[in-house]
$ cat structure.pdb   # PDB, C-alpha atoms
ATOM      1  CA  MET A   1       3.501 -15.619 -39.430
ATOM      2  CA  GLN A   2       3.800 -15.576 -35.661
ATOM      3  CA  ARG A   3       0.533 -15.672 -33.707
ATOM      4  CA  ARG A   4       0.088 -12.830 -31.243
ATOM      5  CA  VAL A   5      -0.245 -13.840 -27.602
ATOM      6  CA  PRO A   6      -3.383 -12.347 -26.003
ATOM      7  CA  LEU A   7      -2.512  -9.675 -23.466
ATOM      8  CA  TRP A   8      -4.281 -11.533 -20.646
ATOM      9  CA  ARG A   9      -2.094 -14.587 -21.290
ATOM     10  CA  ARG A  10       1.074 -12.483 -21.281
ATOM     11  CA  ALA A  11      -0.022 -10.784 -18.041
ATOM     12  CA  ARG A  12      -0.759 -14.194 -16.523
ATOM     13  CA  GLU A  13       2.515 -15.790 -17.618
ATOM     14  CA  GLU A  14       4.571 -12.827 -16.434
ATOM     15  CA  ARG A  15       2.447 -12.508 -13.251
ATOM     16  CA  TRP A  16       1.783  -8.817 -13.752
ATOM     17  CA  LYS A  17       0.880  -6.934 -10.620
ATOM     18  CA  PRO A  18      -2.082  -4.543 -10.714
ATOM     19  CA  SER A  19       0.263  -1.544 -10.906
ATOM     20  CA  ARG A  20       1.858  -2.978 -14.064
ATOM     21  CA  ILE A  21      -1.544  -3.505 -15.667
ATOM     22  CA  LEU A  22      -2.478   0.120 -14.970
ATOM     23  CA  ARG A  23       0.865   1.325 -16.331
ATOM     24  CA  GLU A  24       0.647  -0.843 -19.470
ATOM     25  CA  LEU A  25      -2.854   0.469 -20.182
ATOM     26  CA  GLY A  26      -1.975   4.100 -19.391
ATOM     27  CA  ILE A  27      -4.461   4.418 -16.534
ATOM     28  CA  THR A  28      -3.381   7.223 -14.212
ATOM     29  CA  ALA A  29      -6.449   8.399 -12.304
ATOM     30  CA  PRO A  30      -9.540   7.012 -10.602
ATOM     31  CA  PRO A  31     -12.160   5.773 -10.996
ATOM     32  CA  ILE A  32     -10.680   2.699 -12.595
ATOM     33  CA  ASP A  33     -12.985   0.869 -14.985
ATOM     34  CA  ALA A  34     -12.460  -2.852 -14.366
ATOM     35  CA  GLU A  35     -14.553  -3.804 -17.396
ATOM     36  CA  GLU A  36     -12.408  -1.584 -19.624
ATOM     37  CA  ILE A  37      -9.288  -3.262 -18.232
ATOM     38  CA  ALA A  38     -10.735  -6.732 -18.801
ATOM     39  CA  THR A  39     -11.657  -5.840 -22.384
ATOM     40  CA  ALA A  40      -8.195  -4.359 -23.049
ATOM     41  CA  LEU A  41      -6.654  -7.601 -21.783
ATOM     42  CA  GLY A  42      -8.856  -9.623 -24.149
ATOM     43  CA  VAL A  43     -11.313 -10.867 -21.526
ATOM     44  CA  ARG A  44     -15.023 -10.769 -22.363
ATOM     45  CA  VAL A  45     -17.380  -9.444 -19.674
ATOM     46  CA  GLY A  46     -21.039 -10.409 -19.643
ATOM     47  CA  TYR A  47     -23.889  -9.692 -17.268
ATOM     48  CA  ARG A  48     -26.703 -11.791 -15.842
ATOM     49  CA  GLY A  49     -29.834 -10.370 -14.279
ATOM     50  CA  TRP A  50     -29.723 -12.856 -11.422
ATOM     51  CA  ALA A  51     -27.447 -15.727 -10.521
ATOM     52  CA  PRO A  52     -26.530 -17.492  -7.279
ATOM     53  CA  TRP A  53     -23.049 -15.922  -7.473
ATOM     54  CA  ALA A  54     -21.691 -12.369  -7.736
ATOM     55  CA  GLY A  55     -19.187 -13.280 -10.436
ATOM     56  CA  LYS A  56     -17.963 -16.254 -12.381
ATOM     57  CA  LEU A  57     -14.861 -16.899 -14.453
ATOM     58  CA  SER A  58     -14.867 -19.390 -17.295
ATOM     59  CA  VAL A  59     -13.056 -19.986 -20.566
ATOM     60  CA  GLU A  60     -14.834 -20.277 -23.905
ATOM     61  CA  ARG A  61     -12.807 -21.142 -27.012
ATOM     62  CA  ASP A  62      -9.562 -20.211 -25.236
ATOM     63  CA  ARG A  63     -10.949 -16.788 -24.298
ATOM     64  CA  PRO A  64     -11.681 -15.941 -20.659
ATOM     65  CA  VAL A  65     -15.185 -14.775 -19.836
ATOM     66  CA  ILE A  66     -16.233 -13.019 -16.644
ATOM     67  CA  LEU A  67     -19.936 -13.129 -15.870
ATOM     68  CA  VAL A  68     -21.317 -10.646 -13.355
ATOM     69  CA  THR A  69     -24.666 -10.684 -11.586
ATOM     70  CA  GLN A  70     -26.506  -7.357 -11.830
ATOM     71  CA  LEU A  71     -29.632  -7.868  -9.744
ATOM     72  CA  GLY A  72     -29.030  -6.768  -6.172
ATOM     73  CA  GLN A  73     -25.456  -5.651  -6.910
ATOM     74  CA  THR A  74     -24.362  -2.029  -6.932
ATOM     75  CA  GLU A  75     -22.180  -0.740  -9.745
ATOM     76  CA  ALA A  76     -19.287  -0.525  -7.261
ATOM     77  CA  ARG A  77     -19.809  -4.175  -6.304
ATOM     78  CA  GLN A  78     -19.921  -5.227  -9.958
ATOM     79  CA  ARG A  79     -16.676  -3.334 -10.609
ATOM     80  CA  PHE A  80     -15.014  -5.068  -7.638
ATOM     81  CA  THR A  81     -16.327  -8.445  -8.813
ATOM     82  CA  ILE A  82     -14.772  -7.991 -12.263
ATOM     83  CA  ALA A  83     -11.447  -6.983 -10.675
ATOM     84  CA  HIS A  84     -11.673  -9.965  -8.300
ATOM     85  CA  GLU A  85     -12.238 -12.387 -11.192
ATOM     86  CA  LEU A  86      -9.307 -10.831 -13.056
ATOM     87  CA  GLY A  87      -7.257 -11.624  -9.955
ATOM     88  CA  HIS A  88      -8.243 -15.282 -10.238
ATOM     89  CA  LEU A  89      -7.434 -15.333 -13.940
ATOM     90  CA  LEU A  90      -4.084 -13.581 -13.729
ATOM     91  CA  ARG A  91      -2.746 -14.800 -10.422
ATOM     92  CA  ASP A  92      -3.611 -18.282  -9.333
ATOM     93  CA  GLU A  93      -6.454 -20.129 -10.979
ATOM     94  CA  PRO A  94      -5.946 -23.125 -13.238
ATOM     95  CA  LEU A  95      -8.090 -22.153 -16.215
ATOM     96  CA  ASP A  96      -9.890 -25.473 -16.389
ATOM     97  CA  GLU A  97     -11.030 -25.181 -12.763
ATOM     98  CA  ALA A  98     -11.975 -21.526 -12.774
ATOM     99  CA  PHE A  99     -14.471 -20.587 -10.079
ATOM    100  CA  ARG A 100     -15.601 -24.048  -9.042
ATOM    101  CA  GLY A 101     -17.021 -24.056  -5.537
ATOM    102  CA  HIS A 102     -15.514 -20.786  -4.353
ATOM    103  CA  ASP A 103     -18.643 -19.801  -2.426
ATOM    104  CA  ALA A 104     -17.813 -22.463   0.128
ATOM    105  CA  GLN A 105     -14.270 -21.096   0.392
ATOM    106  CA  ARG A 106     -14.880 -17.374   0.853
ATOM    107  CA  ASN A 107     -11.953 -16.983   3.223
ATOM    108  CA  SER A 108      -9.610 -19.343   1.394
ATOM    109  CA  ASP A 109      -6.149 -18.112   0.465
ATOM    110  CA  ARG A 110      -7.186 -17.903  -3.208
ATOM    111  CA  GLU A 111     -10.192 -15.733  -2.403
ATOM    112  CA  VAL A 112      -8.146 -13.455  -0.150
ATOM    113  CA  ARG A 113      -5.515 -13.096  -2.905
ATOM    114  CA  ALA A 114      -8.200 -12.276  -5.478
ATOM    115  CA  ASN A 115      -9.672  -9.636  -3.136
ATOM    116  CA  ARG A 116      -6.232  -8.106  -2.579
ATOM    117  CA  PHE A 117      -5.641  -8.035  -6.328
ATOM    118  CA  ALA A 118      -8.996  -6.299  -6.867
ATOM    119  CA  ALA A 119      -8.288  -3.741  -4.134
ATOM    120  CA  ALA A 120      -4.835  -2.991  -5.557
ATOM    121  CA  LEU A 121      -6.259  -2.645  -9.070
ATOM    122  CA  LEU A 122      -9.165  -0.365  -8.124
ATOM    123  CA  MET A 123      -7.487   1.549  -5.282
ATOM    124  CA  PRO A 124      -3.751   1.607  -5.996
ATOM    125  CA  LEU A 125      -1.723   2.958  -3.107
ATOM    126  CA  TRP A 126       0.121   5.453  -5.295
ATOM    127  CA  MET A 127      -3.229   7.026  -6.232
ATOM    128  CA  LEU A 128      -4.354   6.980  -2.601
ATOM    129  CA  ASP A 129      -1.135   8.790  -1.640
ATOM    130  CA  TYR A 130      -2.496  11.816  -3.513
ATOM    131  CA  ALA A 131      -6.210  11.380  -2.877
ATOM    132  CA  VAL A 132      -6.245  10.831   0.896
ATOM    133  CA  PRO A 133      -4.621  14.179   1.789
ATOM    134  CA  ALA A 134      -6.493  16.031  -0.975
ATOM    135  CA  MET A 135      -9.826  14.745   0.349
ATOM    136  CA  LYS A 136      -8.723  15.059   3.976
ATOM    137  CA  GLY A 137      -9.339  11.353   4.504
ATOM    138  CA  ASP A 138     -13.099  11.690   3.924
ATOM    139  CA  LEU A 139     -14.166   8.073   3.405
ATOM    140  CA  GLY A 140     -17.297   8.943   1.414
ATOM    141  CA  LYS A 141     -15.428  11.245  -0.963
ATOM    142  CA  LEU A 142     -12.626   8.724  -1.424
ATOM    143  CA  ALA A 143     -15.046   5.866  -2.127
ATOM    144  CA  ALA A 144     -16.956   8.016  -4.636
ATOM    145  CA  ALA A 145     -13.759   9.177  -6.354
ATOM    146  CA  PHE A 146     -12.519   5.595  -6.760
ATOM    147  CA  GLY A 147     -15.949   4.145  -7.609
ATOM    148  CA  VAL A 148     -15.896   1.635  -4.773
ATOM    149  CA  SER A 149     -18.011   1.068  -1.697
ATOM    150  CA  GLU A 150     -17.152   2.825   1.550
ATOM    151  CA  GLN A 151     -16.629  -0.630   3.058
ATOM    152  CA  ALA A 152     -14.052  -1.556   0.393
ATOM    153  CA  MET A 153     -12.268   1.780   0.812
ATOM    154  CA  ALA A 154     -12.205   1.497   4.617
ATOM    155  CA  PHE A 155     -10.805  -2.016   4.357
ATOM    156  CA  ARG A 156      -8.152  -0.905   1.867
ATOM    157  CA  LEU A 157      -7.063   2.008   4.031
ATOM    158  CA  GLU A 158      -6.993  -0.117   7.181
ATOM    159  CA  LYS A 159      -5.360  -3.275   5.855
ATOM    160  CA  TRP A 160      -2.795  -1.893   3.495
ATOM    161  CA  GLY A 161      -1.880   1.220   5.357
ATOM    162  CA  ARG A 162      -2.824   4.798   4.562
TER     163      ARG A 162
END
$ encode --input "structure.pdb" --output "structure tokens"
Amino acid sequence: MQRRVPLWRRAREERWKPSRILRELGITAPPIDAEEIATALGVRVGYRGWAPWAGKLSVERDRPVILVTQLGQTEARQRFTIAHELGHLLRDEPLDEAFRGHDAQRNSDREVRANRFAAALLMPLWMLDYAVPAMKGDLGKLAAAFGVSEQAMAFRLEKWGR
């Protein structure tokens, strides 16, 4: 009997882009639930009341675990944190070194890539193509519709063009 490869491992090995993840999971409209995506990929998500970090990626018994700090973090920030940690898992982190010392490297290439992954997962351009004109570019409405902060939405619209 052949052992089934966990979906997160397949996505990692094949370097799935956020748009492929959304397509594979049949997600077609915002807001995008990052925890639901993580769970569907076989990644466990847990929460801590307080921690000195927003999010942390680790591996327990060959299963990735994303821990998210709740205290002082909005729901939108928690959602972005989960998506960011998925970016580390699926794009560029060696699993045995996951999330070691990233606070000191906030602007490192790995952190920027993880932020871009999170933005593309939570605010895919093809969804923005419909939403921006429909909401007449209203930043507050767009952020609310996508379940992200206004800051994250403004950055997405500015940096990746829309």
$ residues_around --input "structure.pdb" --residues "Lys141 of chain A" --least-positions-apart "5" --cutoff "9 Å" --atoms "all atoms listed in the file" --output "ChimeraX atom specification"
/A:135,146,150
$ atom_distance --input "structure.pdb" --atom1 "atom CA of Leu86 of chain A" --atom2 "atom CA of Leu25 of chain A"
14.8 Å
$ atom_distance --input "structure.pdb" --atom1 "atom CA of Ala114 of chain A" --atom2 "atom CA of Glu85 of chain A"
7.0 Å
$ closest_residue --input "structure.pdb" --among "A:Asn115, A:Asn107, A:Gln78, A:Ser58" --to "Asp33 of chain A" --atoms "all atoms listed in the file"
A:Gln78
$ resolve_selection --input "structure.pdb" --expression "the PyMOL selection byres ((chain A and resi 68-72) around 8)" --output "MDAnalysis selection string"
chainID A and resid 45:51 53:56 66:67 73:74 78 81:82
$ write_last_selection --input "structure.pdb" --atoms "C-alpha atoms" --output "tab-separated table (two decimals), in the coordinates of the input"
chain	number	residue	atom	x	y	z
A	45	VAL	CA	-17.38	-9.44	-19.67
A	46	GLY	CA	-21.04	-10.41	-19.64
A	47	TYR	CA	-23.89	-9.69	-17.27
A	48	ARG	CA	-26.70	-11.79	-15.84
A	49	GLY	CA	-29.83	-10.37	-14.28
A	50	TRP	CA	-29.72	-12.86	-11.42
A	51	ALA	CA	-27.45	-15.73	-10.52
A	53	TRP	CA	-23.05	-15.92	-7.47
A	54	ALA	CA	-21.69	-12.37	-7.74
A	55	GLY	CA	-19.19	-13.28	-10.44
A	56	LYS	CA	-17.96	-16.25	-12.38
A	66	ILE	CA	-16.23	-13.02	-16.64
A	67	LEU	CA	-19.94	-13.13	-15.87
A	73	GLN	CA	-25.46	-5.65	-6.91
A	74	THR	CA	-24.36	-2.03	-6.93
A	78	GLN	CA	-19.92	-5.23	-9.96
A	81	THR	CA	-16.33	-8.44	-8.81
A	82	ILE	CA	-14.77	-7.99	-12.26
$ build_atoms --input "structure.pdb" --residues "segment 61-85 of chain A" --atoms "N, CA and C atoms" --output "CSV table (one decimal), keeping the file's coordinate frame"
chain,number,residue,atom,x,y,z
A,61,ARG,N,-13.7,-21.2,-25.8
A,61,ARG,CA,-12.8,-21.1,-27.0
A,61,ARG,C,-11.5,-20.4,-26.7
A,62,ASP,N,-10.9,-20.8,-25.6
A,62,ASP,CA,-9.6,-20.2,-25.2
A,62,ASP,C,-9.6,-18.7,-24.9
A,63,ARG,N,-10.8,-18.2,-24.7
A,63,ARG,CA,-10.9,-16.8,-24.3
A,63,ARG,C,-11.7,-16.7,-22.9
A,64,PRO,N,-11.0,-16.1,-22.0
A,64,PRO,CA,-11.7,-15.9,-20.7
A,64,PRO,C,-12.9,-15.1,-20.7
A,65,VAL,N,-13.9,-15.5,-19.9
A,65,VAL,CA,-15.2,-14.8,-19.8
A,65,VAL,C,-15.5,-14.6,-18.4
A,66,ILE,N,-15.8,-13.3,-18.0
A,66,ILE,CA,-16.2,-13.0,-16.6
A,66,ILE,C,-17.7,-12.7,-16.7
A,67,LEU,N,-18.5,-13.4,-16.0
A,67,LEU,CA,-19.9,-13.1,-15.9
A,67,LEU,C,-20.2,-12.5,-14.5
A,68,VAL,N,-21.0,-11.4,-14.6
A,68,VAL,CA,-21.3,-10.6,-13.4
A,68,VAL,C,-22.8,-10.6,-13.2
A,69,THR,N,-23.3,-10.8,-11.9
A,69,THR,CA,-24.7,-10.7,-11.6
A,69,THR,C,-25.0,-9.2,-11.4
A,70,GLN,N,-26.1,-8.8,-12.0
A,70,GLN,CA,-26.5,-7.4,-11.8
A,70,GLN,C,-27.5,-7.2,-10.7
A,71,LEU,N,-28.5,-8.0,-10.7
A,71,LEU,CA,-29.6,-7.9,-9.7
A,71,LEU,C,-29.1,-7.9,-8.3
A,72,GLY,N,-29.4,-6.8,-7.6
A,72,GLY,CA,-29.0,-6.8,-6.2
A,72,GLY,C,-27.6,-6.4,-6.0
A,73,GLN,N,-26.9,-6.0,-7.0
A,73,GLN,CA,-25.5,-5.7,-6.9
A,73,GLN,C,-25.3,-4.2,-7.4
A,74,THR,N,-24.6,-3.4,-6.5
A,74,THR,CA,-24.4,-2.0,-6.9
A,74,THR,C,-23.3,-2.0,-8.0
A,75,GLU,N,-23.2,-0.9,-8.7
A,75,GLU,CA,-22.2,-0.7,-9.7
A,75,GLU,C,-20.8,-0.9,-9.1
A,76,ALA,N,-20.6,-0.4,-7.9
A,76,ALA,CA,-19.3,-0.5,-7.3
A,76,ALA,C,-19.0,-2.0,-7.0
A,77,ARG,N,-20.0,-2.7,-6.6
A,77,ARG,CA,-19.8,-4.2,-6.3
A,77,ARG,C,-19.5,-4.9,-7.6
A,78,GLN,N,-20.2,-4.6,-8.7
A,78,GLN,CA,-19.9,-5.2,-10.0
A,78,GLN,C,-18.5,-4.9,-10.4
A,79,ARG,N,-18.0,-3.7,-10.2
A,79,ARG,CA,-16.7,-3.3,-10.6
A,79,ARG,C,-15.7,-4.2,-9.8
A,80,PHE,N,-15.9,-4.3,-8.5
A,80,PHE,CA,-15.0,-5.1,-7.6
A,80,PHE,C,-15.0,-6.5,-8.1
A,81,THR,N,-16.2,-7.0,-8.4
A,81,THR,CA,-16.3,-8.4,-8.8
A,81,THR,C,-15.5,-8.7,-10.1
A,82,ILE,N,-15.6,-7.8,-11.0
A,82,ILE,CA,-14.8,-8.0,-12.3
A,82,ILE,C,-13.3,-8.0,-11.9
A,83,ALA,N,-12.9,-7.0,-11.1
A,83,ALA,CA,-11.4,-7.0,-10.7
A,83,ALA,C,-11.0,-8.2,-9.9
A,84,HIS,N,-11.9,-8.7,-9.1
A,84,HIS,CA,-11.7,-10.0,-8.3
A,84,HIS,C,-11.5,-11.2,-9.2
A,85,GLU,N,-12.4,-11.3,-10.2
A,85,GLU,CA,-12.2,-12.4,-11.2
A,85,GLU,C,-11.0,-12.3,-12.0
